[in-house]
>>> print(open('upload_0.tsv').read())   # TSV, C-alpha atoms and all ligand atoms
chain	number	residue	atom	x	y	z
A	210	MET	CA	-51.00	-11.11	39.34
A	211	ARG	CA	-53.36	-14.11	39.41
A	212	VAL	CA	-52.20	-17.17	37.48
A	213	LEU	CA	-54.00	-20.38	36.63
A	214	GLY	CA	-51.60	-23.35	36.67
A	215	ILE	CA	-52.28	-26.60	34.79
A	216	GLU	CA	-50.28	-29.80	35.27
A	217	THR	CA	-50.91	-32.82	33.02
A	218	SER	CA	-47.44	-34.31	32.43
A	219	CYS	CA	-48.19	-37.82	33.72
A	220	ASP	CA	-50.98	-39.43	35.73
A	221	GLU	CA	-52.30	-36.50	37.74
A	222	THR	CA	-54.47	-33.63	36.54
A	223	GLY	CA	-53.57	-30.66	38.73
A	224	VAL	CA	-55.12	-27.21	38.50
A	225	ALA	CA	-54.46	-24.28	40.86
A	226	LEU	CA	-54.85	-20.57	41.17
A	227	TYR	CA	-51.91	-18.57	42.56
A	228	ASP	CA	-51.97	-14.89	43.45
A	229	SER	CA	-48.60	-13.09	43.70
A	230	GLU	CA	-49.95	-10.97	46.58
A	231	ARG	CA	-52.17	-13.40	48.46
A	232	GLY	CA	-50.52	-16.76	47.71
A	233	LEU	CA	-52.38	-19.91	46.78
A	234	LEU	CA	-56.12	-19.27	46.30
A	235	ALA	CA	-57.34	-22.70	45.21
A	236	ASP	CA	-55.89	-26.06	44.31
A	237	ALA	CA	-57.54	-29.15	42.81
A	238	LEU	CA	-56.08	-32.52	41.95
A	239	TYR	CA	-57.42	-35.57	40.21
A	240	SER	CA	-55.29	-38.71	40.43
A	241	GLN	CA	-55.54	-41.39	37.74
A	242	ILE	CA	-54.29	-44.14	40.07
A	243	ALA	CA	-57.48	-46.19	39.80
A	244	LEU	CA	-57.41	-45.92	36.00
A	245	HIS	CA	-53.89	-47.31	35.63
A	246	ALA	CA	-53.84	-49.70	38.61
A	247	GLU	CA	-55.09	-52.74	36.70
A	248	PHE	CA	-52.24	-52.32	34.19
A	249	GLY	CA	-49.57	-52.05	36.91
A	250	GLY	CA	-48.30	-48.70	35.58
A	251	VAL	CA	-49.22	-45.60	33.60
A	252	VAL	CA	-50.77	-46.25	30.14
A	253	PRO	CA	-49.91	-43.05	28.20
A	254	GLU	CA	-52.92	-43.07	25.86
A	255	LEU	CA	-55.37	-43.57	28.74
A	256	ALA	CA	-53.62	-40.79	30.65
A	257	SER	CA	-54.07	-38.31	27.77
A	258	ARG	CA	-57.76	-39.14	27.34
A	259	ASP	CA	-58.42	-38.76	31.05
A	260	HIS	CA	-56.68	-35.35	31.17
A	261	ILE	CA	-59.07	-34.26	28.39
A	262	ARG	CA	-62.02	-35.25	30.57
A	263	LYS	CA	-60.77	-33.78	33.83
A	264	THR	CA	-58.92	-30.54	33.11
A	265	LEU	CA	-61.79	-28.15	32.34
A	266	PRO	CA	-64.01	-29.32	35.22
A	267	LEU	CA	-61.06	-28.74	37.56
A	268	VAL	CA	-60.53	-25.25	36.11
A	269	ARG	CA	-64.19	-24.50	36.89
A	270	ARG	CA	-63.79	-25.92	40.37
A	271	VAL	CA	-60.79	-23.74	41.32
A	272	LEU	CA	-62.52	-20.60	39.99
A	273	GLU	CA	-65.56	-21.46	42.10
A	274	GLU	CA	-63.45	-22.23	45.15
A	275	ALA	CA	-61.62	-18.91	44.84
A	276	ASP	CA	-64.96	-17.25	44.07
A	277	LEU	CA	-63.48	-15.48	41.06
A	278	PRO	CA	-64.75	-14.88	37.52
A	279	ALA	CA	-62.54	-16.00	34.62
A	280	ASP	CA	-61.63	-12.38	33.82
A	281	ALA	CA	-59.81	-12.14	37.16
A	282	ILE	CA	-57.09	-14.40	35.73
A	283	GLY	CA	-54.00	-12.55	34.52
A	284	GLY	CA	-52.15	-15.46	32.93
A	285	VAL	CA	-52.08	-19.21	32.37
A	286	ALA	CA	-49.11	-21.48	33.17
A	287	TYR	CA	-48.88	-25.06	31.96
A	288	THR	CA	-46.39	-27.90	32.17
A	289	ALA	CA	-44.83	-28.18	28.72
A	290	GLY	CA	-42.36	-30.95	29.65
A	291	PRO	CA	-40.68	-33.19	30.50
A	292	GLY	CA	-43.36	-35.87	30.55
A	293	LEU	CA	-45.63	-37.97	28.34
A	294	MET	CA	-46.07	-36.29	24.95
A	295	GLY	CA	-49.83	-36.83	24.60
A	296	ALA	CA	-50.56	-35.85	28.18
A	297	LEU	CA	-48.45	-32.69	27.85
A	298	LEU	CA	-50.19	-31.72	24.61
A	299	VAL	CA	-53.60	-31.90	26.30
A	300	GLY	CA	-52.50	-29.45	28.99
A	301	ALA	CA	-50.74	-27.21	26.49
A	302	ALA	CA	-53.71	-27.10	24.10
A	303	ILE	CA	-56.26	-26.37	26.84
A	304	SER	CA	-54.06	-23.78	28.55
A	305	ARG	CA	-53.13	-22.00	25.35
A	306	SER	CA	-56.79	-21.92	24.26
A	307	LEU	CA	-57.96	-20.53	27.61
A	308	ALA	CA	-55.27	-17.85	27.49
A	309	PHE	CA	-56.25	-16.95	23.93
A	310	GLY	CA	-59.95	-16.80	24.83
A	311	TRP	CA	-59.28	-14.70	27.93
A	312	ASN	CA	-56.73	-12.55	26.10
A	313	VAL	CA	-54.02	-13.12	28.71
A	314	PRO	CA	-50.44	-14.40	28.33
A	315	ALA	CA	-49.57	-18.09	28.65
A	316	VAL	CA	-46.25	-19.50	29.77
A	317	ALA	CA	-44.70	-22.97	29.37
A	318	VAL	CA	-43.33	-24.31	32.65
A	319	HIS	CA	-40.64	-26.96	33.12
A	320	HIS	CA	-42.06	-29.71	35.35
A	321	MET	CA	-38.84	-30.08	37.38
A	322	GLU	CA	-38.63	-26.32	37.93
A	323	GLY	CA	-42.15	-26.61	39.31
A	324	HIS	CA	-41.01	-29.34	41.73
A	325	LEU	CA	-37.93	-27.48	42.90
A	326	LEU	CA	-39.91	-24.30	43.56
A	327	ALA	CA	-42.72	-26.12	45.43
A	328	PRO	CA	-41.27	-25.24	48.89
A	329	MET	CA	-41.71	-21.57	47.91
A	330	LEU	CA	-45.45	-22.05	48.49
A	331	ASP	CA	-44.77	-22.36	52.21
A	332	ALA	CA	-44.85	-19.56	54.77
A	333	ASP	CA	-41.12	-19.87	55.45
A	334	PRO	CA	-39.54	-20.52	52.04
A	335	PRO	CA	-35.81	-21.11	51.46
A	336	ALA	CA	-33.65	-18.21	50.29
A	337	TYR	CA	-31.32	-18.65	47.29
A	338	PRO	CA	-28.85	-20.19	46.76
A	339	PHE	CA	-29.60	-23.76	47.79
A	340	VAL	CA	-28.95	-27.33	46.77
A	341	ALA	CA	-32.04	-29.18	45.52
A	342	LEU	CA	-32.43	-32.94	45.52
A	343	LEU	CA	-35.15	-33.67	42.97
A	344	VAL	CA	-36.49	-37.18	43.32
A	345	SER	CA	-39.50	-38.03	41.19
A	346	GLY	CA	-40.73	-40.94	39.09
A	347	GLY	CA	-38.91	-39.67	36.00
A	348	HIS	CA	-35.86	-37.86	37.39
A	349	THR	CA	-33.26	-37.94	40.13
A	350	MET	CA	-31.08	-34.85	40.18
A	351	LEU	CA	-28.92	-32.74	42.44
A	352	VAL	CA	-29.10	-29.12	41.35
A	353	GLN	CA	-27.43	-25.96	42.57
A	354	VAL	CA	-30.16	-23.32	42.49
A	355	ASP	CA	-28.90	-19.72	42.47
A	356	GLY	CA	-32.26	-18.21	41.52
A	357	ILE	CA	-35.19	-18.92	39.22
A	358	GLY	CA	-33.77	-20.28	35.96
A	359	ARG	CA	-30.24	-20.28	37.36
A	360	TYR	CA	-29.67	-23.98	37.70
A	361	ARG	CA	-26.53	-26.06	37.63
A	362	VAL	CA	-27.09	-29.81	37.51
A	363	LEU	CA	-24.49	-31.31	39.87
A	364	GLY	CA	-25.45	-34.93	39.30
A	365	GLU	CA	-28.27	-37.09	38.00
A	366	SER	CA	-29.33	-40.68	37.54
A	367	LEU	CA	-27.62	-42.52	34.69
A	368	ASP	CA	-30.51	-44.99	34.47
A	369	ASP	CA	-33.65	-45.41	36.62
A	370	ALA	CA	-34.94	-42.50	38.69
A	371	ALA	CA	-35.40	-43.11	42.45
A	372	GLY	CA	-39.20	-43.15	42.12
A	373	GLU	CA	-38.97	-45.50	39.15
A	374	ALA	CA	-36.81	-47.84	41.24
A	375	PHE	CA	-39.50	-47.82	43.96
A	376	ASP	CA	-42.19	-48.51	41.34
A	377	LYS	CA	-40.26	-51.38	39.72
A	378	THR	CA	-39.43	-52.92	43.10
A	379	ALA	CA	-43.10	-52.74	44.05
A	380	LYS	CA	-44.02	-54.45	40.81
A	381	LEU	CA	-41.66	-57.36	41.29
A	382	LEU	CA	-42.80	-57.76	44.91
A	383	GLN	CA	-46.39	-57.63	43.59
A	384	LEU	CA	-47.30	-54.60	45.65
A	385	GLY	CA	-49.13	-52.77	42.89
A	386	TYR	CA	-48.93	-49.23	41.53
A	387	PRO	CA	-47.89	-46.58	42.49
A	388	GLY	CA	-45.01	-48.37	44.12
A	389	GLY	CA	-43.34	-45.77	46.34
A	390	PRO	CA	-45.98	-45.52	49.07
A	391	ALA	CA	-46.63	-49.31	48.93
A	392	VAL	CA	-42.95	-50.20	49.42
A	393	ALA	CA	-42.61	-47.60	52.20
A	394	LYS	CA	-45.66	-48.97	54.03
A	395	LEU	CA	-44.53	-52.58	53.85
A	396	ALA	CA	-40.97	-51.59	54.84
A	397	GLU	CA	-42.29	-50.44	58.23
A	398	LYS	CA	-42.88	-54.11	59.11
A	399	GLY	CA	-39.45	-55.18	57.88
A	400	ASP	CA	-36.38	-56.13	59.87
A	401	PRO	CA	-33.60	-53.74	58.77
A	402	ALA	CA	-30.89	-56.18	59.89
A	403	ARG	CA	-32.03	-59.11	57.73
A	404	TYR	CA	-30.61	-57.98	54.36
A	405	HIS	CA	-28.07	-55.41	53.29
A	406	PHE	CA	-28.40	-53.94	49.78
A	407	PRO	CA	-25.59	-52.07	47.97
A	408	ARG	CA	-25.39	-48.26	47.92
A	409	PRO	CA	-24.73	-47.79	44.18
A	410	MET	CA	-21.98	-45.39	43.04
A	411	THR	CA	-21.15	-44.18	46.54
A	412	ASP	CA	-17.69	-45.78	46.51
A	413	ARG	CA	-16.42	-43.40	43.82
A	414	PRO	CA	-16.35	-39.62	43.60
A	415	GLY	CA	-19.09	-37.67	41.86
A	416	LEU	CA	-22.75	-36.90	42.29
A	417	ASP	CA	-24.40	-39.12	39.70
A	418	PHE	CA	-26.77	-41.94	40.65
A	419	SER	CA	-27.62	-45.37	39.32
A	420	PHE	CA	-30.59	-47.30	40.66
A	421	SER	CA	-31.21	-50.00	38.07
A	422	GLY	CA	-28.82	-52.49	39.73
A	423	LEU	CA	-30.87	-52.34	42.95
A	424	LYS	CA	-33.86	-53.70	41.09
A	425	THR	CA	-31.87	-56.78	39.99
A	426	PHE	CA	-30.53	-57.15	43.53
A	427	THR	CA	-34.09	-57.04	44.83
A	428	LEU	CA	-35.23	-59.66	42.33
A	429	ASN	CA	-32.37	-62.03	43.15
A	430	THR	CA	-32.90	-61.60	46.91
A	431	TRP	CA	-36.64	-62.22	46.54
A	432	GLN	CA	-36.10	-65.35	44.43
A	433	ALA	CA	-33.58	-66.73	46.93
A	434	SER	CA	-35.88	-66.02	49.91
A	435	ASP	CA	-38.54	-68.29	51.44
A	436	GLY	CA	-41.21	-66.18	49.69
A	437	SER	CA	-42.92	-65.32	52.97
A	438	GLU	CA	-44.68	-62.04	53.75
A	439	GLN	CA	-41.97	-61.32	56.31
A	440	ALA	CA	-39.23	-61.80	53.69
A	441	LYS	CA	-41.09	-59.41	51.41
A	442	ALA	CA	-41.23	-56.78	54.16
A	443	ASP	CA	-37.55	-57.32	55.01
A	444	ILE	CA	-36.61	-56.83	51.34
A	445	ALA	CA	-38.76	-53.69	51.03
A	446	CYS	CA	-37.03	-52.33	54.14
A	447	ALA	CA	-33.51	-53.13	52.84
A	448	PHE	CA	-34.34	-51.59	49.45
A	449	GLU	CA	-35.73	-48.41	50.99
A	450	ASP	CA	-32.71	-48.09	53.31
A	451	ALA	CA	-30.36	-48.47	50.33
A	452	VAL	CA	-32.10	-45.74	48.30
A	453	VAL	CA	-32.38	-43.38	51.27
A	454	ASP	CA	-28.76	-43.93	52.31
A	455	THR	CA	-27.49	-43.40	48.74
A	456	LEU	CA	-29.45	-40.18	48.37
A	457	ALA	CA	-28.24	-38.94	51.76
A	458	ILE	CA	-24.57	-39.68	50.96
A	459	LYS	CA	-24.82	-37.74	47.68
A	460	CYS	CA	-26.63	-34.82	49.33
A	461	ARG	CA	-23.90	-34.55	51.94
A	462	ARG	CA	-21.31	-34.56	49.16
A	463	ALA	CA	-23.17	-31.90	47.16
A	464	LEU	CA	-23.39	-29.66	50.24
A	465	GLU	CA	-19.67	-30.08	50.91
A	466	GLN	CA	-18.80	-29.42	47.27
A	467	THR	CA	-20.91	-26.25	46.98
A	468	GLY	CA	-20.42	-24.99	50.55
A	469	LEU	CA	-24.14	-24.17	50.66
A	470	ALA	CA	-26.16	-24.41	53.87
A	471	ARG	CA	-29.69	-24.95	52.54
A	472	LEU	CA	-31.07	-28.16	51.09
A	473	VAL	CA	-34.44	-28.54	49.34
A	474	ILE	CA	-35.90	-32.00	48.80
A	475	ALA	CA	-38.72	-32.15	46.24
A	476	GLY	CA	-40.54	-34.51	43.85
A	477	GLY	CA	-42.71	-37.52	44.64
A	478	VAL	CA	-40.09	-39.45	46.64
A	479	SER	CA	-39.67	-36.45	48.98
A	480	ALA	CA	-42.95	-37.65	50.52
A	481	ASN	CA	-40.99	-40.65	51.86
A	482	ARG	CA	-40.85	-40.50	55.66
A	483	LYS	CA	-37.56	-42.37	56.04
A	484	LEU	CA	-35.87	-40.06	53.51
A	485	ARG	CA	-37.13	-36.97	55.33
A	486	GLU	CA	-35.95	-38.26	58.69
A	487	ARG	CA	-32.56	-39.24	57.32
A	488	LEU	CA	-31.95	-35.92	55.56
A	489	SER	CA	-33.09	-33.96	58.59
A	490	ARG	CA	-30.38	-35.76	60.57
A	491	VAL	CA	-27.80	-34.92	57.87
A	492	GLY	CA	-28.95	-31.30	58.11
A	493	GLU	CA	-28.62	-31.17	61.90
A	494	LYS	CA	-25.18	-32.71	61.86
A	495	HIS	CA	-23.82	-30.40	59.15
A	496	HIS	CA	-25.66	-27.21	60.19
A	497	VAL	CA	-27.70	-27.22	57.03
A	498	ARG	CA	-31.36	-26.23	56.99
A	499	VAL	CA	-33.52	-28.75	55.15
A	500	TYR	CA	-36.74	-27.73	53.37
A	501	TYR	CA	-39.51	-29.95	51.98
A	502	PRO	CA	-42.65	-28.96	50.13
A	503	ARG	CA	-45.78	-29.53	52.18
A	504	PHE	CA	-46.82	-33.16	51.83
A	505	GLU	CA	-49.47	-32.71	49.10
A	506	PHE	CA	-47.06	-30.68	46.96
A	507	CYS	CA	-44.31	-33.34	46.94
A	508	THR	CA	-46.05	-35.30	44.18
A	509	ASP	CA	-47.42	-33.70	41.00
A	510	ASN	CA	-49.79	-30.77	41.49
A	511	GLY	CA	-51.03	-27.62	39.79
A	512	ALA	CA	-49.92	-25.26	42.58
A	513	MET	CA	-46.20	-25.59	41.82
A	514	ILE	CA	-46.87	-24.89	38.12
A	515	ALA	CA	-49.03	-21.86	38.92
A	516	PHE	CA	-46.29	-20.54	41.23
A	517	ALA	CA	-43.39	-21.07	38.78
A	518	GLY	CA	-45.45	-19.68	35.89
A	519	CYS	CA	-46.45	-16.63	37.91
A	520	GLN	CA	-42.78	-15.76	38.54
A	521	ARG	CA	-41.96	-16.06	34.85
A	522	LEU	CA	-45.05	-14.16	33.67
A	523	MET	CA	-44.32	-11.34	36.13
A	524	ALA	CA	-40.82	-11.13	34.66
A	525	GLY	CA	-42.42	-10.63	31.24
A	526	GLN	CA	-41.91	-14.11	29.80
A	527	HIS	CA	-44.67	-15.73	27.80
A	528	GLU	CA	-45.27	-17.92	24.76
A	529	GLU	CA	-46.37	-16.95	21.29
A	530	LEU	CA	-49.74	-18.17	20.05
A	531	GLY	CA	-48.47	-21.51	18.74
A	532	PHE	CA	-47.70	-24.14	21.35
A	533	GLY	CA	-45.84	-27.37	21.70
A	534	ALA	CA	-44.68	-29.77	24.33
A	535	ARG	CA	-41.17	-30.93	25.13
A	536	PRO	CA	-41.16	-34.53	26.42
A	537	ARG	CA	-37.39	-34.12	26.88
A	538	TRP	CA	-36.22	-30.76	28.17
A	539	ALA	CA	-32.89	-29.92	29.84
A	540	LEU	CA	-33.36	-27.98	33.08
A	541	GLU	CA	-30.16	-26.00	32.49
A	542	SER	CA	-31.48	-24.63	29.18
A	543	LEU	CA	-34.09	-22.47	30.97
A	544	PRO	CA	-33.53	-18.70	30.78
A	545	PRO	CA	-32.64	-16.92	34.02
A	546	LEU	CA	-35.19	-14.53	35.46
A	547	SER	CA	-33.96	-10.96	35.16
A	548	SER	CA	-34.65	-9.29	38.48
B	1	LIG	O1	-43.11	-36.16	41.26
B	1	LIG	P1	-44.05	-37.29	40.99
B	1	LIG	O2	-45.46	-37.17	41.53
B	1	LIG	O3	-44.19	-37.57	39.47
B	1	LIG	C1	-43.11	-37.45	38.57
B	1	LIG	O4	-42.75	-36.29	38.23
B	1	LIG	O5	-42.57	-38.52	38.23
B	1	LIG	O6	-43.35	-38.59	41.58
B	1	LIG	C2	-43.96	-39.84	41.54
B	1	LIG	C3	-43.01	-40.86	42.12
B	1	LIG	C4	-43.48	-42.29	41.90
B	1	LIG	O7	-42.40	-43.03	41.38
B	1	LIG	C5	-43.86	-42.74	43.31
B	1	LIG	O8	-43.70	-44.13	43.51
B	1	LIG	C6	-42.91	-41.93	44.16
B	1	LIG	O9	-42.86	-40.67	43.54
B	1	LIG	N1	-43.38	-41.78	45.55
B	1	LIG	C7	-42.76	-42.30	46.62
B	1	LIG	C8	-43.56	-41.98	47.75
B	1	LIG	N2	-44.64	-41.28	47.31
B	1	LIG	C9	-44.52	-41.16	45.96
B	1	LIG	N3	-41.61	-43.00	46.73
B	1	LIG	C10	-41.24	-43.40	47.96
B	1	LIG	N4	-41.95	-43.16	49.07
B	1	LIG	C11	-43.11	-42.45	49.03
B	1	LIG	N5	-43.79	-42.22	50.15
B	2	ZN	ZN	-43.42	-34.76	39.03
>>> encode(input="upload_0.tsv", output="structure tokens", more="lines below")
Ligand code: KG4
Ligand code: ZN
Amino acid sequence: MRVLGIETSCDETGVALYDSERGLLADALYSQIALHAEFGGVVPELASRDHIRKTLPLVRRVLEEADLPADAIGGVAYTAGPGLMGALLVGAAISRSLAFGWNVPAVAVHHMEGHLLAPMLDADPPAYPFVALLVSGGHTMLVQVDGIGRYRVLGESLDDAAGEAFDKTAKLLQLGYPGGPAVAKLAEKGDPARYHFPRPMTDRPGLDFSFSGLKTFTLNTWQASDGSEQAKADIACAFEDAVVDTLAIKCRRALEQTGLARLVIAGGVSANRKLRERLSRVGEKHHVRVYYPRFEFCTDNGAMIAFAGCQRLMAGQHEELGFGARPRWALESLPPLSS
């Protein structure tokens, strides 16, 4: 089955074509970074309007790239949530209309399911069950994954997501948007011994996270510093170490608790080099195999939505003609895939 996947939940328009037999056929991404940069963060209304402009041209581009006519598409998958309501509705409306016009089924995909299945696009994908650490701009979660739609949330952030903490830290250090890559780049020049930041919620049992306190800690440290470029880099380094260390401690705990030997790291923050290195070391030490999506599929993309949607469509799931979007959507409420 060939499935067109459309992702518009936030600030990236992603469109891809996935074939259940041949794998990924084409993948196109348009990032709105330049559009939102002057505002220091995503402006929801501008995001929606830009998705309207970009989605159909990207659909044309992937069909051309795959050298396929529209009637070769067997289904359309779109991100229905969680995300920005207006942005989601653009993707849902376009996807549902294309499916109606082509007379093929459409399926609503959960954005975080897309992220956690992204490593499945690789040649050597993880087998079930595994533990997934999902670290994006909107969510931080540890999930036990027993199969598609068989998810048990083991822990999640009680306040800011890890990516959000990176973005807010970047903002207060005046590093611009998006913050994650900017903080990571500056941190390379930092002295890791200069500051030590707390590892929130690691001194008590459980797998939940809290990152909002780190932001205040960063602000106070920055205000008390000499304001030099070196101090900024040292703070970025201490912040990144604190987030990475906290995530690693909780991953180790989740692996111990579940007894599982496979760990998947996905979502935008999984592009972070220090996090990857740290979790690979955890994996080696505890005989756990660690999987990451390929670099370009860590952040938002259409390929992961096409893949997840293809699995659900092949299992017979699809939406009725009406459509909606779910800006808030619990991962555990998804139906399991009957095999
Ligand atoms: O998954 P994603 O593309 O969008 C959401 O679903 O939210 O994740 C975006 C987040 C942003 O907060 C961004 O700052 C963060 O991922 N991010 C990073 C890195 N690359 C992206 N954080 C740390 N280090 C990176 N290299
Ligand atoms: Zn995402």
>>> residues_near_ligand(input="upload_0.tsv", ligand="ligand LIG 1 (chain B)", cutoff="6 Å", atoms="all atoms listed in the file", output="list in words")
Ser345, Gly346, Gly347, Gly372, Glu373, Phe375, Asp376, Pro387, Gly388, Gly389, Pro390, Ala393, Gly476, Gly477, Val478, Ala480, Asn481, Thr508 and Asp509 of chain A
>>> write_last_selection(input="upload_0.tsv", atoms="C-alpha atoms", output="tab-separated table (two decimals), keeping the file's coordinate frame")
chain	number	residue	atom	x	y	z
A	345	SER	CA	-39.50	-38.03	41.19
A	346	GLY	CA	-40.73	-40.94	39.09
A	347	GLY	CA	-38.91	-39.67	36.00
A	372	GLY	CA	-39.20	-43.15	42.12
A	373	GLU	CA	-38.97	-45.50	39.15
A	375	PHE	CA	-39.50	-47.82	43.96
A	376	ASP	CA	-42.19	-48.51	41.34
A	387	PRO	CA	-47.89	-46.58	42.49
A	388	GLY	CA	-45.01	-48.37	44.12
A	389	GLY	CA	-43.34	-45.77	46.34
A	390	PRO	CA	-45.98	-45.52	49.07
A	393	ALA	CA	-42.61	-47.60	52.20
A	476	GLY	CA	-40.54	-34.51	43.85
A	477	GLY	CA	-42.71	-37.52	44.64
A	478	VAL	CA	-40.09	-39.45	46.64
A	480	ALA	CA	-42.95	-37.65	50.52
A	481	ASN	CA	-40.99	-40.65	51.86
A	508	THR	CA	-46.05	-35.30	44.18
A	509	ASP	CA	-47.42	-33.70	41.00
>>> residues_near_ligand(input="upload_0.tsv", ligand="ligand ZN 2 (chain B)", cutoff="12 Å", atoms="only C-alpha atoms and all ligand atoms", output="NGL selection string")
:A and (216-223 or 288 or 290-293 or 319-327 or 343-349 or 370 or 372-373 or 475-480 or 505-511 or 513-514)
>>> write_last_selection(input="upload_0.tsv", atoms="C-alpha atoms", output="short mmCIF file (atom, residue, chain, number, x, y, z; two decimals), keeping the file's coordinate frame")
data_model
loop_
_atom_site.label_atom_id
_atom_site.label_comp_id
_atom_site.auth_asym_id
_atom_site.auth_seq_id
_atom_site.Cartn_x
_atom_site.Cartn_y
_atom_site.Cartn_z
CA GLU A 216 -50.28 -29.80 35.27
CA THR A 217 -50.91 -32.82 33.02
CA SER A 218 -47.44 -34.31 32.43
CA CYS A 219 -48.19 -37.82 33.72
CA ASP A 220 -50.98 -39.43 35.73
CA GLU A 221 -52.30 -36.50 37.74
CA THR A 222 -54.47 -33.63 36.54
CA GLY A 223 -53.57 -30.66 38.73
CA THR A 288 -46.39 -27.90 32.17
CA GLY A 290 -42.36 -30.95 29.65
CA PRO A 291 -40.68 -33.19 30.50
CA GLY A 292 -43.36 -35.87 30.55
CA LEU A 293 -45.63 -37.97 28.34
CA HIS A 319 -40.64 -26.96 33.12
CA HIS A 320 -42.06 -29.71 35.35
CA MET A 321 -38.84 -30.08 37.38
CA GLU A 322 -38.63 -26.32 37.93
CA GLY A 323 -42.15 -26.61 39.31
CA HIS A 324 -41.01 -29.34 41.73
CA LEU A 325 -37.93 -27.48 42.90
CA LEU A 326 -39.91 -24.30 43.56
CA ALA A 327 -42.72 -26.12 45.43
CA LEU A 343 -35.15 -33.67 42.97
CA VAL A 344 -36.49 -37.18 43.32
CA SER A 345 -39.50 -38.03 41.19
CA GLY A 346 -40.73 -40.94 39.09
CA GLY A 347 -38.91 -39.67 36.00
CA HIS A 348 -35.86 -37.86 37.39
CA THR A 349 -33.26 -37.94 40.13
CA ALA A 370 -34.94 -42.50 38.69
CA GLY A 372 -39.20 -43.15 42.12
CA GLU A 373 -38.97 -45.50 39.15
CA ALA A 475 -38.72 -32.15 46.24
CA GLY A 476 -40.54 -34.51 43.85
CA GLY A 477 -42.71 -37.52 44.64
CA VAL A 478 -40.09 -39.45 46.64
CA SER A 479 -39.67 -36.45 48.98
CA ALA A 480 -42.95 -37.65 50.52
CA GLU A 505 -49.47 -32.71 49.10
CA PHE A 506 -47.06 -30.68 46.96
CA CYS A 507 -44.31 -33.34 46.94
CA THR A 508 -46.05 -35.30 44.18
CA ASP A 509 -47.42 -33.70 41.00
CA ASN A 510 -49.79 -30.77 41.49
CA GLY A 511 -51.03 -27.62 39.79
CA MET A 513 -46.20 -25.59 41.82
CA ILE A 514 -46.87 -24.89 38.12
#
>>> residues_around(input="upload_0.tsv", residues="A:Asp276", least_positions_apart="6", cutoff="10 Å", atoms="all atoms listed in the file", output="PyMOL selection string")
chain A and resi 234-235+270
>>> closest_residue(input="upload_0.tsv", among="A:Pro314, A:Gly249, A:Gly531, A:Pro266", to="A:Ala379", atoms="only C-alpha atoms")
A:Gly249
>>> atom_distance(input="upload_0.tsv", atom1="atom CA of A:Ala391", atom2="atom CA of A:Ser257")
25.0 Å
>>> closest_residue(input="upload_0.tsv", among="A:Gly300, A:Gly415, A:Pro407, A:Gly284", to="A:Glu365", atoms="all atoms listed in the file")
A:Gly415
>>> residues_around(input="upload_0.tsv", residues="A:Ala524", least_positions_apart="6", cutoff="12 Å", atoms="only C-alpha atoms", output="list of chain:residue names")
A:Met210, A:Pro314, A:Val316, A:Ile357, A:Gly358, A:Ala517, A:Gly518, A:Pro544, A:Pro545, A:Leu546, A:Ser547, A:Ser548
>>> write_last_selection(input="upload_0.tsv", atoms="C-alpha atoms", output="PDB file, in the coordinates of the input")
ATOM      1  CA  MET A 210     -51.000 -11.110  39.340  1.00  0.00           C
ATOM      2  CA  PRO A 314     -50.440 -14.400  28.330  1.00  0.00           C
ATOM      3  CA  VAL A 316     -46.250 -19.500  29.770  1.00  0.00           C
ATOM      4  CA  ILE A 357     -35.190 -18.920  39.220  1.00  0.00           C
ATOM      5  CA  GLY A 358     -33.770 -20.280  35.960  1.00  0.00           C
ATOM      6  CA  ALA A 517     -43.390 -21.070  38.780  1.00  0.00           C
ATOM      7  CA  GLY A 518     -45.450 -19.680  35.890  1.00  0.00           C
ATOM      8  CA  PRO A 544     -33.530 -18.700  30.780  1.00  0.00           C
ATOM      9  CA  PRO A 545     -32.640 -16.920  34.020  1.00  0.00           C
ATOM     10  CA  LEU A 546     -35.190 -14.530  35.460  1.00  0.00           C
ATOM     11  CA  SER A 547     -33.960 -10.960  35.160  1.00  0.00           C
ATOM     12  CA  SER A 548     -34.650  -9.290  38.480  1.00  0.00           C
TER      13      SER A 548
END
>>> atom_distance(input="upload_0.tsv", atom1="atom CA of A:Ala315", atom2="atom CA of A:Ala256")
23.1 Å
>>> atom_distance(input="upload_0.tsv", atom1="atom CA of A:Phe448", atom2="atom CA of A:Leu428")
10.8 Å
>>> closest_residue(input="upload_0.tsv", among="A:Ala246, A:Ala442, A:Val313, A:Ala402", to="A:Ala279", atoms="all atoms listed in the file")
A:Val313
>>> closest_residue(input="upload_0.tsv", among="A:Phe248, A:Tyr500, A:Tyr239, A:Phe516", to="A:Tyr287", atoms="all atoms listed in the file")
A:Phe516
>>> closest_residue(input="upload_0.tsv", among="A:Leu226, A:Ala317, A:Ala301, A:Met329", to="A:Glu273", atoms="all atoms listed in the file")
A:Leu226
